$ cat protein15.cif   # mmCIF, C-alpha atoms
data_my_file
loop_
_atom_site.label_atom_id
_atom_site.label_comp_id
_atom_site.auth_asym_id
_atom_site.auth_seq_id
_atom_site.Cartn_x
_atom_site.Cartn_y
_atom_site.Cartn_z
CA LEU A 1 0.00 0.00 0.00
CA MET A 2 1.30 3.42 -0.98
CA SER A 3 -0.07 5.81 1.65
CA ILE A 4 0.07 9.57 1.01
CA ALA A 5 -0.77 10.87 4.45
CA PHE A 6 0.71 14.38 4.44
CA ALA A 7 1.64 17.24 2.14
CA ALA A 8 3.10 20.44 3.55
CA GLY A 9 4.71 23.53 2.06
CA VAL A 10 8.47 23.83 2.15
CA ALA A 11 8.28 27.48 3.15
CA PRO A 12 5.69 29.62 4.96
CA GLY A 13 3.03 30.81 2.53
CA LEU A 14 4.15 28.48 -0.28
CA GLU A 15 1.34 26.03 -0.92
CA ASN A 16 3.18 23.13 -2.53
CA ARG A 17 1.86 19.64 -3.07
CA LEU A 18 3.50 16.28 -2.76
CA ILE A 19 3.66 14.89 -6.30
CA VAL A 20 4.11 11.16 -6.84
CA LEU A 21 5.09 10.56 -10.45
CA GLY A 22 4.98 7.36 -12.44
CA ARG A 23 7.58 8.58 -14.93
CA VAL A 24 10.03 5.83 -14.01
CA THR A 25 10.76 2.31 -15.17
CA PRO A 26 9.19 -0.62 -13.33
CA ALA A 27 12.63 -1.52 -11.97
CA THR A 28 12.95 1.73 -10.05
CA PRO A 29 10.74 3.17 -7.29
CA PRO A 30 8.38 6.11 -7.94
CA ALA A 31 9.97 9.53 -7.71
CA LEU A 32 8.76 11.97 -5.03
CA HIS A 33 8.91 15.65 -5.93
CA TRP A 34 7.89 18.92 -4.37
CA ILE A 35 6.37 20.95 -7.20
CA ASP A 36 4.86 24.41 -7.15
CA PRO A 37 1.20 24.10 -8.28
CA ALA A 38 1.72 27.28 -10.34
CA HIS A 39 3.86 25.16 -12.68
CA PRO A 40 2.01 21.87 -13.04
CA GLU A 41 3.51 21.14 -16.45
CA SER A 42 6.48 19.53 -14.70
CA ALA A 43 4.13 16.85 -13.36
CA LEU A 44 2.74 15.72 -16.72
CA THR A 45 3.44 12.06 -17.42
CA PRO A 46 2.31 9.37 -19.87
CA LEU A 47 -0.62 7.23 -18.81
CA ALA A 48 0.11 4.34 -16.51
CA VAL A 49 3.87 3.97 -16.80
CA THR A 50 4.48 2.44 -13.37
CA GLY A 51 2.47 -0.35 -11.78
CA ILE A 52 1.34 -0.94 -8.21
CA ASP A 53 0.01 -4.46 -7.66
CA GLY A 54 -2.06 -5.16 -4.54
CA MET A 55 -1.67 -8.89 -5.18
CA ASN A 56 -5.35 -9.33 -4.18
CA VAL A 57 -4.50 -8.90 -0.50
CA ARG A 58 -4.24 -5.10 0.02
CA PRO A 59 -5.31 -1.78 -1.54
CA CYS A 60 -2.86 -0.06 -3.88
CA VAL A 61 -2.97 3.62 -2.85
CA ALA A 62 -4.45 5.86 -0.14
CA ILE A 63 -4.43 9.65 -0.54
CA THR A 64 -5.51 11.57 2.56
CA ALA A 65 -3.86 14.96 1.89
CA ASP A 66 -3.40 17.45 -0.95
CA ALA A 67 -1.21 15.15 -3.02
CA LEU A 68 -1.09 14.16 -6.69
CA VAL A 69 -0.55 10.61 -7.91
CA ASP A 70 0.18 10.74 -11.64
CA GLY A 71 0.74 8.05 -14.24
CA PHE A 72 0.26 4.68 -12.52
CA THR A 73 -1.41 1.37 -13.15
CA LEU A 74 -3.25 0.23 -10.00
CA THR A 75 -4.25 -3.41 -10.21
CA HIS A 76 -5.29 -6.38 -8.07
CA GLY A 77 -6.00 -4.17 -5.06
CA LEU A 78 -8.36 -5.40 -2.35
CA SER A 79 -10.05 -3.37 0.38
CA GLU A 80 -13.43 -2.86 1.99
CA ASP A 81 -13.55 0.64 0.44
CA GLY A 82 -11.46 1.47 -2.62
CA GLY A 83 -9.54 -1.55 -3.81
CA GLY A 84 -7.50 0.47 -6.27
CA ALA A 85 -7.33 3.78 -4.40
CA TYR A 86 -8.95 5.55 -1.48
CA LEU A 87 -9.07 9.37 -1.61
CA SER A 88 -10.30 11.78 1.03
CA ASP A 89 -8.28 14.61 -0.58
CA GLY A 90 -5.83 15.11 -3.43
CA GLU A 91 -5.89 13.86 -7.00
CA ILE A 92 -5.15 10.79 -9.08
CA ARG A 93 -4.42 11.59 -12.72
CA ASN A 94 -3.50 9.86 -15.99
CA SER A 95 -3.78 6.45 -14.38
CA LEU A 96 -5.22 3.04 -15.20
CA ILE A 97 -7.24 1.52 -12.36
CA THR A 98 -8.09 -2.03 -13.34
CA SER A 99 -9.03 -5.43 -11.89
CA ASN A 100 -9.44 -4.26 -8.30
CA THR A 101 -12.01 -5.32 -5.69
CA GLY A 102 -13.93 -3.45 -3.00
CA SER A 103 -15.58 -5.95 -0.68
CA TRP A 104 -18.09 -3.22 0.19
CA TYR A 105 -17.73 0.03 -1.80
CA GLY A 106 -15.64 1.26 -4.70
CA GLY A 107 -13.86 -1.52 -6.49
CA GLY A 108 -11.61 0.86 -8.39
CA LEU A 109 -11.83 4.15 -6.46
CA TYR A 110 -13.45 5.35 -3.25
CA LEU A 111 -13.82 9.14 -3.05
CA ASP A 112 -14.65 9.98 0.55
CA MET A 113 -16.32 13.42 0.57
CA ALA A 114 -13.54 14.84 -1.62
CA GLY A 115 -10.79 13.88 -4.06
CA LEU A 116 -10.41 14.15 -7.83
CA ALA A 117 -9.90 11.45 -10.44
CA ASN A 118 -8.76 13.15 -13.64
CA GLN A 119 -8.21 11.53 -17.04
CA CYS A 120 -8.20 8.01 -15.63
CA ILE A 121 -9.38 4.71 -17.06
CA VAL A 122 -11.36 2.74 -14.46
CA SER A 123 -12.01 -0.71 -15.90
CA ASN A 124 -12.99 -4.25 -14.90
CA ASN A 125 -13.24 -3.55 -11.19
CA ASN A 126 -15.90 -5.00 -8.88
CA ALA A 127 -17.58 -4.19 -5.56
CA PHE A 128 -20.85 -4.63 -3.69
CA ASP A 129 -21.74 -0.98 -4.52
CA GLY A 130 -19.83 1.25 -6.93
CA GLY A 131 -18.03 -1.29 -9.05
CA GLY A 132 -15.85 1.35 -10.69
CA ILE A 133 -16.13 4.38 -8.36
CA GLU A 134 -17.89 4.98 -5.07
CA PHE A 135 -18.62 8.64 -4.27
CA ASN A 136 -19.32 8.99 -0.56
CA GLY A 137 -20.94 12.42 -0.30
CA GLY A 138 -18.53 14.15 -2.68
CA GLY A 139 -15.56 13.93 -5.00
CA VAL A 140 -15.20 14.43 -8.77
CA ALA A 141 -14.37 12.21 -11.72
CA SER A 142 -13.33 14.38 -14.67
CA ASN A 143 -12.71 13.13 -18.21
CA CYS A 144 -12.53 9.52 -17.06
CA GLN A 145 -13.57 6.29 -18.75
CA LEU A 146 -15.54 3.83 -16.62
CA ILE A 147 -15.64 0.59 -18.57
CA GLY A 148 -16.69 -2.97 -17.77
CA ASN A 149 -17.08 -2.60 -14.01
CA VAL A 150 -19.47 -4.74 -11.93
CA ALA A 151 -21.52 -4.09 -8.77
CA LEU A 152 -23.38 -6.83 -6.93
CA ASP A 153 -25.88 -4.24 -5.69
CA PHE A 154 -25.98 -0.60 -6.93
CA GLY A 155 -23.88 1.39 -9.40
CA GLY A 156 -21.91 -0.77 -11.78
CA GLY A 157 -19.88 2.11 -13.16
CA ALA A 158 -20.31 4.53 -10.26
CA ASP A 159 -22.39 4.90 -7.12
CA CYS A 160 -23.09 8.48 -6.00
CA TRP A 161 -24.12 8.17 -2.35
CA GLY A 162 -25.31 11.59 -1.25
CA GLY A 163 -22.98 13.41 -3.65
CA GLY A 164 -20.27 13.11 -6.24
CA THR A 165 -19.83 14.48 -9.76
CA LEU A 166 -19.01 12.94 -13.11
CA VAL A 167 -18.06 15.47 -15.78
CA GLY A 168 -16.93 14.71 -19.32
CA CYS A 169 -16.86 10.95 -18.63
CA LEU A 170 -17.56 7.87 -20.72
CA VAL A 171 -19.54 5.22 -18.82
CA SER A 172 -19.78 2.09 -20.94
CA GLY A 173 -20.38 -1.63 -20.57
CA ASN A 174 -20.89 -1.65 -16.80
CA TYR A 175 -23.29 -3.93 -14.90
CA ALA A 176 -25.21 -3.85 -11.62
CA ALA A 177 -27.13 -6.83 -10.31
CA TRP A 178 -29.81 -4.53 -8.89
CA TYR A 179 -29.96 -0.81 -9.80
CA GLY A 180 -27.94 1.66 -11.82
CA GLY A 181 -25.90 -0.32 -14.30
CA GLY A 182 -24.03 2.78 -15.40
CA VAL A 183 -24.54 5.16 -12.47
CA GLU A 184 -26.60 5.03 -9.28
CA CYS A 185 -27.53 8.41 -7.75
CA TRP A 186 -28.82 7.90 -4.20
CA ALA A 187 -29.96 11.22 -2.72
CA GLY A 188 -27.16 13.01 -4.55
CA GLY A 189 -24.90 13.06 -7.55
CA VAL A 190 -24.32 15.15 -10.69
CA ILE A 191 -23.70 13.86 -14.20
CA HIS A 192 -22.57 16.55 -16.63
CA ASN A 193 -21.57 16.39 -20.30
CA SER A 194 -20.99 12.63 -20.14
CA THR A 195 -21.81 9.65 -22.35
CA LEU A 196 -23.52 6.54 -20.95
CA VAL A 197 -23.86 3.64 -23.35
CA GLY A 198 -24.26 -0.13 -23.19
CA ASN A 199 -24.72 -0.42 -19.43
CA ARG A 200 -27.25 -2.74 -17.83
CA ALA A 201 -28.95 -3.58 -14.54
CA ASP A 202 -31.15 -6.54 -13.71
CA TYR A 203 -33.86 -4.39 -12.10
CA ASP A 204 -33.99 -0.62 -12.73
CA GLY A 205 -31.80 1.94 -14.43
CA GLY A 206 -29.62 0.24 -16.97
CA GLY A 207 -27.98 3.59 -17.69
CA VAL A 208 -28.86 5.67 -14.61
CA GLU A 209 -31.04 5.04 -11.59
CA SER A 210 -31.89 7.99 -9.37
CA TYR A 211 -33.45 7.55 -5.93
CA ASN A 212 -34.83 10.61 -4.13
CA TRP A 213 -32.77 12.86 -6.36
CA GLY A 214 -32.88 14.69 -9.70
CA ILE A 215 -29.78 14.52 -11.88
#

$ encode --input "protein15.cif" --output "C-alpha cells"
Amino acid sequence: LMSIAFAAGVAPGLENRLIVLGRVTPATPPALHWIDPAHPESALTPLAVTGIDGMNVRPCVAITADALVDGFTLTHGLSEDGGGAYLSDGEIRNSLITSNTGSWYGGGLYLDMAGLANQCIVSNNNAFDGGGIEFNGGGVASNCQLIGNVALDFGGGADCWGGGTLVGCLVSGNYAAWYGGGVECWAGGVIHNSTLVGNRADYDGGGVESYNWGI
C-alpha cells in the first residue's frame, strides 16, 4: 500500500503539493517531488507507466492529503472501500485503475467526501456498490472512462451516495445486479456532459437510476 498521508509547504506561505510521479521504469521506485502548483507542467506524465500491484490482499494507494498521484497502473487491489485507491483529498491523474475489488464500496476508487480522479481509465473492477467508483458524499471524476465494471448491488460504473460528480466521462459496458448499471444516484450526484452507453442492470436503471434525487 502506498499511503500519502501528508503534504506540507516547504516554506511559509508556499502552498506546494506532494507529487508522486509514475515517470520511471518498473525496476525503479516512484519519484517523489515537491512541485509548485503554479507550474504543473512539470508533473505531466504518460498514462500508466508504473504499476502498483495489490496482489489481491491489500489496496494499492491511499491519498488523505493534498497530493497528486500521476501516471500509474493500479491493479489487483483489495479493500473494503477502494480496492485500487482511497481518496479523502488530493488527486489521481492519468492512471489506469483495473481489476481491483472493493468488498463493500468502490472496487476501483473510493472518493470519501472529496478527491479528484482526472483523465483516468477505471475498468474491470468490482464491488458490492460502486463497481468502478464509489462517491461517498462528494468527489469528482473528470474526463474519465468507466468501462466494464461490476456491482453486486448498486452502481456498476459509479455509485453516487449523497454526492459526487461525473463530468466529461464515458460510462460504458458496466453492470449492476440490482440498480444503476451505469450510475446510481442515491440522494445526490451530478452527471454533466458525459456519455452513458451499453450499461445494464437486472432491475432498474440500466444507464442511470436515481433515488430521491434529480440529476

$ atom_distance --input "protein15.cif" --atom1 "CA of Gly82 (chain A)" --atom2 "CA of Asp53 (chain A)"
13.9 Å

$ residues_near_point --input "protein15.cif" --point "(-22.0, 5.2, -3.6)" --cutoff "6 Å" --atoms "only C-alpha atoms" --output "ChimeraX atom specification"
/A:130,134-136,159-161

$ resolve_selection --input "protein15.cif" --expression "the PyMOL selection byres ((chain A and resi 172) around 10)" --output "CSV table (one decimal) with C-alpha atoms, in the frame of the given file"
chain,number,residue,atom,x,y,z
A,123,SER,CA,-12.0,-0.7,-15.9
A,145,GLN,CA,-13.6,6.3,-18.8
A,146,LEU,CA,-15.5,3.8,-16.6
A,147,ILE,CA,-15.6,0.6,-18.6
A,148,GLY,CA,-16.7,-3.0,-17.8
A,149,ASN,CA,-17.1,-2.6,-14.0
A,156,GLY,CA,-21.9,-0.8,-11.8
A,157,GLY,CA,-19.9,2.1,-13.2
A,169,CYS,CA,-16.9,11.0,-18.6
A,170,LEU,CA,-17.6,7.9,-20.7
A,171,VAL,CA,-19.5,5.2,-18.8
A,173,GLY,CA,-20.4,-1.6,-20.6
A,174,ASN,CA,-20.9,-1.6,-16.8
A,175,TYR,CA,-23.3,-3.9,-14.9
A,181,GLY,CA,-25.9,-0.3,-14.3
A,182,GLY,CA,-24.0,2.8,-15.4
A,195,THR,CA,-21.8,9.6,-22.4
A,196,LEU,CA,-23.5,6.5,-21.0
A,197,VAL,CA,-23.9,3.6,-23.4
A,198,GLY,CA,-24.3,-0.1,-23.2
A,199,ASN,CA,-24.7,-0.4,-19.4
A,200,ARG,CA,-27.2,-2.7,-17.8
A,207,GLY,CA,-28.0,3.6,-17.7

$ atom_distance --input "protein15.cif" --atom1 "CA of Val190 (chain A)" --atom2 "CA of Tyr203 (chain A)"
21.8 Å

$ closest_residue --input "protein15.cif" --among "A:Ala85, A:Leu152, A:Ala176, A:Leu166" --to "Ser99 (chain A)" --atoms "only C-alpha atoms"
A:Ala85
